[in-house]
$ cat my_file11.tsv   # TSV, C-alpha atoms
chain	number	residue	atom	x	y	z
H	18	MET	CA	44.43	51.33	110.90
H	19	LYS	CA	43.52	54.97	110.48
H	20	ASN	CA	45.15	55.75	113.77
H	21	TYR	CA	48.33	54.05	112.63
H	22	GLU	CA	48.45	56.05	109.36
H	23	LEU	CA	47.86	59.29	111.26
H	24	ARG	CA	50.71	58.47	113.60
H	25	ILE	CA	53.08	57.80	110.67
H	26	THR	CA	52.06	61.08	109.02
H	27	ASN	CA	52.74	62.90	112.29
H	28	TYR	CA	56.19	61.33	112.54
H	29	VAL	CA	56.99	62.25	108.94
H	30	LEU	CA	55.87	65.83	109.52
H	31	LEU	CA	57.90	66.06	112.72
H	32	ALA	CA	60.96	64.71	110.91
H	33	LEU	CA	60.53	67.28	108.10
H	34	VAL	CA	60.18	70.13	110.60
H	35	LEU	CA	63.30	68.93	112.42
H	36	ILE	CA	65.27	68.71	109.16
H	37	ALA	CA	64.13	72.20	108.18
H	38	LEU	CA	65.07	73.61	111.58
H	39	THR	CA	68.49	71.93	111.47
H	40	GLY	CA	69.07	73.47	108.06
H	41	LEU	CA	68.10	76.92	109.33
H	42	PHE	CA	70.41	76.63	112.36
H	43	HIS	CA	73.23	75.46	110.14
H	44	GLN	CA	72.71	78.39	107.77
H	45	ALA	CA	72.64	80.84	110.67
H	46	ALA	CA	75.84	79.38	112.09
H	47	PHE	CA	77.48	79.53	108.64
H	48	ALA	CA	76.43	83.16	108.22
H	49	GLN	CA	77.93	84.00	111.59
H	50	GLU	CA	81.20	82.27	110.64
H	51	ALA	CA	81.33	84.16	107.34
H	52	THR	CA	81.32	87.59	109.01
H	53	PRO	CA	84.77	88.21	110.49
H	54	THR	CA	84.79	89.70	113.97
H	55	ASP	CA	86.31	93.05	114.94
H	56	ASP	CA	89.17	91.18	116.62
H	57	GLU	CA	89.95	89.29	113.43
H	58	VAL	CA	89.88	92.54	111.44
H	59	ASN	CA	92.01	94.41	113.99
H	60	ALA	CA	94.59	91.61	114.09
H	61	ILE	CA	95.45	92.58	110.50
H	62	ALA	CA	94.63	96.29	110.82
H	63	LYS	CA	97.20	96.78	113.57
H	64	GLN	CA	99.92	95.62	111.19
H	65	LEU	CA	98.95	98.30	108.69
H	66	TYR	CA	99.19	102.08	108.87
H	67	CYS	CA	96.64	104.65	107.72
H	68	PRO	CA	97.74	105.83	104.24
H	69	VAL	CA	96.32	109.32	104.84
H	70	CYS	CA	96.95	110.17	108.50
H	71	GLU	CA	100.57	109.10	108.80
H	72	ASN	CA	101.99	107.16	111.77
H	73	THR	CA	98.57	105.94	112.91
H	74	PRO	CA	97.95	102.19	112.96
H	75	LEU	CA	94.76	101.27	111.14
H	76	ASP	CA	93.19	99.49	114.12
H	77	VAL	CA	93.16	102.62	116.32
H	78	CYS	CA	92.69	105.28	113.66
H	79	PRO	CA	89.37	107.08	114.31
H	80	THR	CA	88.81	108.66	110.87
H	81	GLU	CA	86.12	107.77	108.35
H	82	ALA	CA	88.83	106.77	105.86
H	83	CYS	CA	90.26	104.20	108.30
H	84	ARG	CA	86.79	102.86	109.07
H	85	GLN	CA	86.40	102.22	105.32
H	86	TRP	CA	89.74	100.42	105.17
H	87	ARG	CA	88.84	98.25	108.15
H	88	GLU	CA	85.62	97.32	106.33
H	89	LEU	CA	87.72	96.50	103.28
H	90	ILE	CA	89.78	94.10	105.44
H	91	ARG	CA	86.54	92.55	106.77
H	92	ASP	CA	85.23	92.06	103.21
H	93	GLN	CA	88.47	90.46	102.09
H	94	LEU	CA	88.53	88.14	105.12
H	95	ALA	CA	84.95	87.15	104.33
H	96	GLU	CA	86.07	86.36	100.77
H	97	GLY	CA	88.57	83.93	102.28
H	98	LYS	CA	91.75	85.93	101.64
H	99	THR	CA	94.72	85.25	103.91
H	100	GLU	CA	96.45	87.82	106.07
H	101	GLN	CA	99.38	88.00	103.66
H	102	GLU	CA	97.08	88.43	100.64
H	103	ILE	CA	95.31	91.34	102.36
H	104	LYS	CA	98.61	92.99	103.27
H	105	ASP	CA	99.83	92.50	99.69
H	106	TYR	CA	96.62	94.15	98.41
H	107	PHE	CA	97.21	97.20	100.60
H	108	VAL	CA	100.86	97.47	99.55
H	109	ALA	CA	99.98	97.08	95.85
H	110	ASN	CA	97.32	99.78	96.06
H	111	TYR	CA	98.59	102.28	98.62
H	112	GLY	CA	102.34	101.64	98.61
H	113	ALA	CA	104.82	100.26	101.14
H	114	ARG	CA	104.11	103.21	103.46
H	115	VAL	CA	101.15	101.25	104.89
H	116	LEU	CA	103.51	98.67	106.39
H	117	SER	CA	104.94	99.03	109.87
H	118	GLU	CA	108.30	97.78	108.56
H	119	PRO	CA	109.75	98.60	105.12
H	120	PRO	CA	109.91	95.51	102.87
H	121	ARG	CA	113.38	93.96	102.60
H	122	THR	CA	113.92	94.82	98.96
H	123	GLY	CA	116.18	97.15	96.97
H	124	PHE	CA	117.01	100.48	98.55
H	125	ASN	CA	115.12	99.54	101.75
H	126	TRP	CA	117.95	97.16	102.69
H	127	LEU	CA	119.92	100.24	103.81
H	128	VAL	CA	117.48	100.58	106.74
H	129	TYR	CA	118.47	97.13	107.94
H	130	ILE	CA	122.19	97.21	107.12
H	131	VAL	CA	123.40	100.73	107.88
H	132	PRO	CA	122.38	101.05	111.58
H	133	PRO	CA	124.10	97.81	112.73
H	134	VAL	CA	127.22	98.70	110.71
H	135	LEU	CA	127.30	102.20	112.23
H	136	ILE	CA	126.81	100.75	115.73
H	137	LEU	CA	129.74	98.35	115.18
H	138	VAL	CA	131.96	101.16	113.83
H	139	GLY	CA	130.96	103.35	116.79
H	140	ALA	CA	131.72	100.56	119.26
H	141	TYR	CA	135.16	100.06	117.67
H	142	ILE	CA	135.93	103.80	117.88
H	143	LEU	CA	134.75	103.94	121.52
H	144	PHE	CA	136.80	100.88	122.43
H	145	ASN	CA	139.94	102.41	120.88
H	146	SER	CA	139.30	105.77	122.53
H	147	PHE	CA	138.85	104.22	125.98
H	148	ARG	CA	142.04	102.22	125.52
H	149	ALA	CA	143.92	105.36	124.51
H	150	TRP	CA	142.59	107.18	127.62
H	151	ILE	CA	143.65	104.38	129.95
H	152	LYS	CA	147.17	103.88	128.53
H	153	PRO	CA	148.62	107.38	129.14
H	154	LYS	CA	147.40	107.27	132.77
H	155	SER	CA	149.10	103.98	133.47
H	156	ALA	CA	152.17	105.26	131.70
H	157	GLU	CA	152.04	108.44	133.82
H	158	ALA	CA	151.55	106.38	136.95
H	159	GLY	CA	154.60	104.31	136.03
H	160	SER	CA	156.80	107.32	135.37
H	161	GLY	CA	155.50	108.92	138.61
H	162	GLN	CA	156.68	105.95	140.61
H	163	LYS	CA	160.06	106.17	138.93
H	164	LYS	CA	160.20	109.86	139.76
H	165	GLU	CA	159.35	109.16	143.40
H	166	ALA	CA	161.93	106.41	143.50
H	167	GLY	CA	164.49	108.77	141.98
H	168	ALA	CA	163.63	111.46	144.50
H	169	SER	CA	163.98	109.12	147.49
H	170	SER	CA	167.34	107.81	146.28
H	171	SER	CA	168.63	111.36	145.82
H	172	ASP	CA	167.29	112.20	149.30
H	173	ASP	CA	169.14	109.18	150.72
H	174	GLU	CA	172.41	110.32	149.18
H	175	TYR	CA	171.90	113.81	150.56
H	176	ILE	CA	171.17	112.45	154.05
H	177	LYS	CA	174.20	110.19	153.85
H	178	ARG	CA	176.41	113.14	152.89
H	179	LEU	CA	174.88	115.25	155.63
H	180	GLU	CA	175.46	112.56	158.25
H	181	GLU	CA	179.04	112.05	157.11
H	182	GLU	CA	179.79	115.77	157.32
H	183	LEU	CA	178.22	115.94	160.77
H	184	LYS	CA	180.39	113.01	161.88
H	185	ASN	CA	183.51	114.69	160.49
H	186	ARG	CA	182.75	117.87	162.41
H	187	LYS	CA	182.55	115.95	165.64
C	113	MET	CA	170.40	106.75	134.59
C	114	THR	CA	166.70	106.38	134.02
C	115	GLU	CA	165.16	105.49	130.65
C	116	THR	CA	162.03	107.35	129.58
C	117	THR	CA	159.67	105.49	127.27
C	118	THR	CA	157.12	107.46	125.21
C	119	PRO	CA	153.96	105.50	124.27
C	120	THR	CA	153.86	105.02	120.48
C	121	LYS	CA	150.47	105.93	118.93
C	122	LYS	CA	149.05	103.09	116.82
C	123	SER	CA	147.73	104.54	113.56
C	124	VAL	CA	144.82	102.96	111.64
C	125	PRO	CA	146.23	101.01	108.66
C	126	LEU	CA	145.95	102.75	105.29
C	127	TRP	CA	143.78	99.98	103.81
C	128	ALA	CA	141.29	100.39	106.68
C	129	GLN	CA	141.18	104.16	106.23
C	130	ILE	CA	140.54	103.77	102.49
C	131	THR	CA	137.83	101.15	103.14
C	132	ILE	CA	136.04	103.40	105.65
C	133	TRP	CA	136.12	106.43	103.34
C	134	VAL	CA	134.96	104.40	100.34
C	135	PHE	CA	132.12	102.94	102.44
C	136	LEU	CA	131.03	106.38	103.66
C	137	ALA	CA	131.20	107.88	100.16
C	138	GLY	CA	129.19	104.96	98.76
C	139	LEU	CA	126.61	105.30	101.51
C	140	LEU	CA	126.20	109.02	100.83
C	141	ALA	CA	125.88	108.35	97.11
C	142	LEU	CA	123.21	105.70	97.75
C	143	VAL	CA	121.22	107.96	100.07
C	144	GLY	CA	121.44	110.82	97.56
C	145	PHE	CA	120.36	108.53	94.71
C	146	GLY	CA	117.44	107.19	96.76
C	147	LEU	CA	116.24	110.63	97.80
C	148	ASN	CA	116.51	111.86	94.23
C	149	ASN	CA	114.42	108.92	93.00
C	150	ALA	CA	111.87	109.23	95.79
C	151	SER	CA	111.08	112.88	95.23
C	152	ASN	CA	108.69	113.70	92.42
C	153	PRO	CA	108.91	116.95	90.52
C	154	MET	CA	106.35	119.40	91.90
C	155	ALA	CA	104.07	121.88	90.20
C	156	GLU	CA	104.39	125.60	90.87
C	157	ILE	CA	102.02	128.39	89.94
C	158	GLY	CA	103.15	130.07	86.72
C	159	LYS	CA	105.24	127.08	85.63
C	160	PRO	CA	104.44	124.05	83.44
C	161	VAL	CA	102.92	121.17	85.39
C	162	PRO	CA	105.18	118.05	85.35
C	163	ASP	CA	103.56	115.29	83.32
C	164	PHE	CA	101.80	112.34	84.98
C	165	ASP	CA	99.65	109.35	84.04
C	166	LEU	CA	95.88	109.27	84.43
C	167	VAL	CA	94.30	105.81	84.63
C	168	TYR	CA	90.57	106.41	84.79
C	169	PHE	CA	87.92	104.51	86.76
C	170	GLU	CA	85.84	102.14	84.65
C	171	GLY	CA	82.83	104.11	83.44
C	172	TYR	CA	84.56	107.46	84.06
C	173	GLU	CA	87.02	107.50	81.14
C	174	TYR	CA	87.94	110.56	79.06
C	175	ASN	CA	86.11	110.26	75.73
C	176	GLY	CA	86.43	106.47	75.91
C	177	THR	CA	90.17	106.62	76.67
C	178	ALA	CA	91.05	104.63	79.80
C	179	GLU	CA	94.67	105.78	80.15
C	180	MET	CA	96.41	108.95	79.14
C	181	LYS	CA	99.02	111.50	80.15
C	182	LEU	CA	98.23	115.00	81.34
C	183	SER	CA	100.23	116.34	78.39
C	184	ASP	CA	97.69	114.71	76.03
C	185	LEU	CA	95.29	117.48	77.12
C	186	ARG	CA	97.62	120.29	75.96
C	187	GLY	CA	95.57	122.96	74.18
C	188	LYS	CA	92.66	122.61	76.62
C	189	ILE	CA	91.93	124.23	79.95
C	190	VAL	CA	92.15	121.48	82.58
C	191	VAL	CA	90.40	121.67	85.95
C	192	ILE	CA	91.71	118.94	88.27
C	193	ASN	CA	89.65	118.42	91.41
C	194	ILE	CA	91.19	116.26	94.15
C	195	TRP	CA	88.57	114.61	96.36
C	196	ALA	CA	87.95	111.53	98.51
C	197	SER	CA	84.84	109.67	99.59
C	198	TRP	CA	85.81	110.07	103.27
C	199	CYS	CA	86.12	113.85	102.86
C	200	LYS	CA	83.05	115.71	104.11
C	201	PRO	CA	83.94	119.16	102.63
C	202	CYS	CA	84.25	117.45	99.21
C	203	GLU	CA	80.53	116.62	99.40
C	204	GLN	CA	79.72	120.34	99.66
C	205	GLU	CA	81.14	121.16	96.25
C	206	ALA	CA	80.41	117.89	94.39
C	207	PRO	CA	76.93	118.94	93.08
C	208	GLU	CA	78.26	122.36	91.98
C	209	LEU	CA	81.21	120.80	90.18
C	210	GLU	CA	78.93	118.43	88.27
C	211	GLU	CA	76.58	121.27	87.38
C	212	ALA	CA	79.49	123.44	86.23
C	213	TRP	CA	80.82	120.55	84.11
C	214	GLY	CA	77.42	120.55	82.38
C	215	LEU	CA	78.13	124.13	81.26
C	216	TYR	CA	81.52	123.31	79.71
C	217	LYS	CA	81.40	119.72	78.46
C	218	ASP	CA	79.93	120.60	75.05
C	219	ARG	CA	82.53	123.31	74.43
C	220	GLY	CA	85.30	120.74	74.28
C	221	ASP	CA	88.10	123.12	75.23
C	222	VAL	CA	87.57	122.83	79.00
C	223	VAL	CA	88.09	119.48	80.74
C	224	PHE	CA	87.14	118.60	84.29
C	225	ILE	CA	89.05	115.70	85.84
C	226	GLY	CA	88.38	114.29	89.28
C	227	VAL	CA	91.28	112.70	91.13
C	228	ASP	CA	90.24	110.40	93.98
C	229	TYR	CA	92.87	110.76	96.68
C	230	VAL	CA	93.82	107.58	98.67
C	231	ASP	CA	90.42	105.90	98.82
C	232	THR	CA	88.69	102.53	98.69
C	233	PRO	CA	87.09	101.40	95.40
C	234	GLU	CA	83.69	100.93	97.08
C	235	GLY	CA	83.85	104.36	98.69
C	236	ALA	CA	84.91	106.00	95.41
C	237	PHE	CA	82.16	104.48	93.25
C	238	GLY	CA	79.59	105.12	95.99
C	239	TYR	CA	80.55	108.81	96.05
C	240	LEU	CA	80.52	109.17	92.24
C	241	LYS	CA	77.06	107.58	92.07
C	242	LYS	CA	75.70	109.52	95.03
C	243	PHE	CA	76.51	112.88	93.42
C	244	GLY	CA	75.83	111.78	89.85
C	245	ILE	CA	79.33	112.72	88.70
C	246	THR	CA	79.83	112.30	84.96
C	247	PHE	CA	83.18	113.97	84.26
C	248	PRO	CA	86.31	111.78	83.96
C	249	ASN	CA	87.70	110.49	87.24
C	250	ALA	CA	90.90	108.66	88.14
C	251	PRO	CA	92.18	107.16	91.38
C	252	ASP	CA	95.33	108.41	93.09
C	253	LEU	CA	95.83	105.65	95.65
C	254	GLN	CA	99.55	106.20	96.14
C	255	SER	CA	99.16	110.03	96.10
C	256	THR	CA	101.52	110.32	93.12
C	257	ILE	CA	99.31	112.81	91.25
C	258	SER	CA	98.54	114.92	94.31
C	259	SER	CA	102.22	115.16	95.25
C	260	ILE	CA	103.16	116.21	91.69
C	261	LEU	CA	100.40	118.83	91.83
C	262	ASN	CA	101.92	119.94	95.13
C	263	ARG	CA	98.83	119.41	97.29
C	264	GLN	CA	98.83	122.22	99.81
C	265	MET	CA	96.55	121.29	102.71
C	266	GLY	CA	94.24	118.32	102.23
C	267	VAL	CA	91.14	117.59	100.20
C	268	PRO	CA	89.36	119.07	98.35
C	269	GLU	CA	91.81	121.08	96.29
C	270	THR	CA	91.33	122.17	92.69
C	271	TYR	CA	94.05	123.01	90.18
C	272	LEU	CA	93.64	125.12	87.07
C	273	ILE	CA	95.98	124.37	84.15
C	274	ASP	CA	95.89	126.60	81.09
C	275	ARG	CA	96.13	125.62	77.40
C	276	GLU	CA	99.95	125.74	77.53
C	277	GLY	CA	100.06	123.33	80.46
C	278	ILE	CA	100.94	126.04	82.99
C	279	LEU	CA	99.48	125.92	86.50
C	280	ARG	CA	97.40	129.08	86.92
C	281	GLN	CA	95.58	128.73	90.24
C	282	ILE	CA	95.02	126.44	93.21
C	283	LYS	CA	91.71	126.51	95.06
C	284	ILE	CA	92.10	125.17	98.59
C	285	GLY	CA	88.85	123.89	100.10
C	286	PRO	CA	85.41	123.52	98.49
C	287	PHE	CA	83.87	125.89	95.94
C	288	ALA	CA	80.87	127.72	97.38
C	289	SER	CA	78.97	128.24	94.11
C	290	ILE	CA	78.88	127.63	90.36
C	291	ALA	CA	79.72	131.30	89.84
C	292	GLU	CA	82.97	130.77	91.77
C	293	ILE	CA	83.85	127.80	89.58
C	294	GLN	CA	83.09	129.83	86.43
C	295	ALA	CA	85.31	132.68	87.61
C	296	PHE	CA	88.04	130.14	88.41
C	297	VAL	CA	87.92	128.66	84.89
C	298	ALA	CA	87.68	132.11	83.27
C	299	SER	CA	90.98	133.14	84.84
C	300	ALA	CA	92.78	130.73	82.46
C	301	GLU	CA	91.00	131.89	79.29

$ encode --input "my_file11.tsv" --output "structure tokens"
Amino acid sequence: MKNYELRITNYVLLALVLIALTGLFHQAAFAQEATPTDDEVNAIAKQLYCPVCENTPLDVCPTEACRQWRELIRDQLAEGKTEQEIKDYFVANYGARVLSEPPRTGFNWLVYIVPPVLILVGAYILFNSFRAWIKPKSAEAGSGQKKEAGASSSDDEYIKRLEEELKNRK
Amino acid sequence: MTETTTPTKKSVPLWAQITIWVFLAGLLALVGFGLNNASNPMAEIGKPVPDFDLVYFEGYEYNGTAEMKLSDLRGKIVVINIWASWCKPCEQEAPELEEAWGLYKDRGDVVFIGVDYVDTPEGAFGYLKKFGITFPNAPDLQSTISSILNRQMGVPETYLIDREGILRQIKIGPFASIAEIQAFVASAE
């Protein structure tokens, strides 16, 4: 009987240890999930630009300031914020200059509208210019043929007259 | 008899010409308007400093006031120090600035204001705590204040504004001693 009780106690203890270990592993795994990786941070950082050192994407910027901002992204990811929420935070705090593309609002629309319009206008002007360059040439070519034709007909008349006069002399 | 035909030049219709010119004029007006709005007025030595808003960090307000305009400090000598937590040279002068503030804060006619240039909140509060800064401090995340003050090189830079609101001096780089800070302030008295 004593042996039986001891065995049960051993099983209970083993079960408790297993439960405790499972809990610890689960916590460790959860902690690892909660810390965003460098790749996750850089996926957002590369869409943002350093607010201090201009024209440098945040993921490759080597300064202390950029390291702090990357940590800020990591903290916000750990808090469960989405990519868009993090980008919105940066724009709200540091201005639209941190974005790789200007937001499509207000005056910024000019950036998206003016270049295509200018390209279309330029293409129209080029098309018209090329057409104008081609037309006079063809016109010249046409008049040249006429001139040649005129010249040959006048030559024929001259030869005819010359042959007639030569015949008359004979 | 040969007929000569001269190619007739097609002219752009009047309505199209007017549309193009109106479009170009409108575009120029828009660009001009945008540039005018985008550019802040800038401070110059010997001239009044354009007004701007100061929204202080929590715990670093000016006499309990969380928001104010620079013009609210008219009648006082204002020392504005631009710094950042990522700026190593700023750390050189931070203890001296705090010590110098200790010499003036009871006088009431000299105000030190720190402006934290494009920084993170954690970095800013860490820096203020690390150096035991007690004078009022405000963030400048979008560099509005520093561009109005006409920041010359980088950080740190310190601006001295006299009692009439006129910019007297700009110190580029860190102060080396308290004596240098005192001489800087004295030049506006």

$ closest_atom_pairs --input "my_file11.tsv" --of "chain C" --to "chain H" --cutoff "7 Å" --atoms "only C-alpha atoms" --output "CSV"
residue,atom,partner,partner_atom,distance
C:Gly146,CA,H:Phe124,CA,7.0
C:Trp198,CA,H:Ala82,CA,5.2
C:Val230,CA,H:Val69,CA,6.9
C:Thr232,CA,H:Trp86,CA,6.9
C:Leu253,CA,H:Tyr111,CA,5.3
C:Gln254,CA,H:Tyr111,CA,4.7

$ atom_distance --input "my_file11.tsv" --atom1 "CA of Phe147 (chain H)" --atom2 "CA of Ala128 (chain C)"
19.8 Å

$ residues_around --input "my_file11.tsv" --residues "region 93-99 of chain H" --least-positions-apart "6" --cutoff "9 Å" --atoms "all atoms listed in the file" --output "number ranges by chain"
H: 50-53, 57-58

$ atom_distance --input "my_file11.tsv" --atom1 "CA of Gln64 (chain H)" --atom2 "CA of Leu116 (chain H)"
6.7 Å

$ residues_near_point --input "my_file11.tsv" --point "(86.7, 130.4, 85.0)" --cutoff "12 Å" --atoms "only C-alpha atoms" --output "ChimeraX atom specification"
/C:189-191,212-213,215-216,222-224,271-274,280-281,283,290-301

$ closest_residue --input "my_file11.tsv" --among "C:Gln264, C:Thr177, C:Asn193, C:Ser258" --to "Leu209 (chain C)" --atoms "all atoms listed in the file"
C:Asn193

$ residues_around --input "my_file11.tsv" --residues "Gly244 (chain C)" --least-positions-apart "5" --cutoff "12 Å" --atoms "all atoms listed in the file" --output "ChimeraX atom specification"
/C:172,203,206-211,213-214,237-239

$ atom_distance --input "my_file11.tsv" --atom1 "CA of Pro268 (chain C)" --atom2 "CA of Asp165 (chain C)"
20.1 Å

$ residues_near_point --input "my_file11.tsv" --point "(104.9, 129.1, 86.5)" --cutoff "8 Å" --atoms "all atoms listed in the file" --output "list in words"
Glu156, Ile157, Gly158, Lys159, Pro160, Ile278, Leu279 and Arg280 of chain C

$ write_last_selection --input "my_file11.tsv" --atoms "C-alpha atoms" --output "JSON list (two decimals), in the frame of the given file"
[["chain", "number", "residue", "atom", "x", "y", "z"],
["C", 156, "GLU", "CA", 104.39, 125.60, 90.87],
["C", 157, "ILE", "CA", 102.02, 128.39, 89.94],
["C", 158, "GLY", "CA", 103.15, 130.07, 86.72],
["C", 159, "LYS", "CA", 105.24, 127.08, 85.63],
["C", 160, "PRO", "CA", 104.44, 124.05, 83.44],
["C", 278, "ILE", "CA", 100.94, 126.04, 82.99],
["C", 279, "LEU", "CA", 99.48, 125.92, 86.50],
["C", 280, "ARG", "CA", 97.40, 129.08, 86.92]]

$ closest_residue --input "my_file11.tsv" --among "C:Leu166, C:Val143, C:Val161, C:Ile245" --to "Val128 (chain H)" --atoms "all atoms listed in the file"
C:Val143
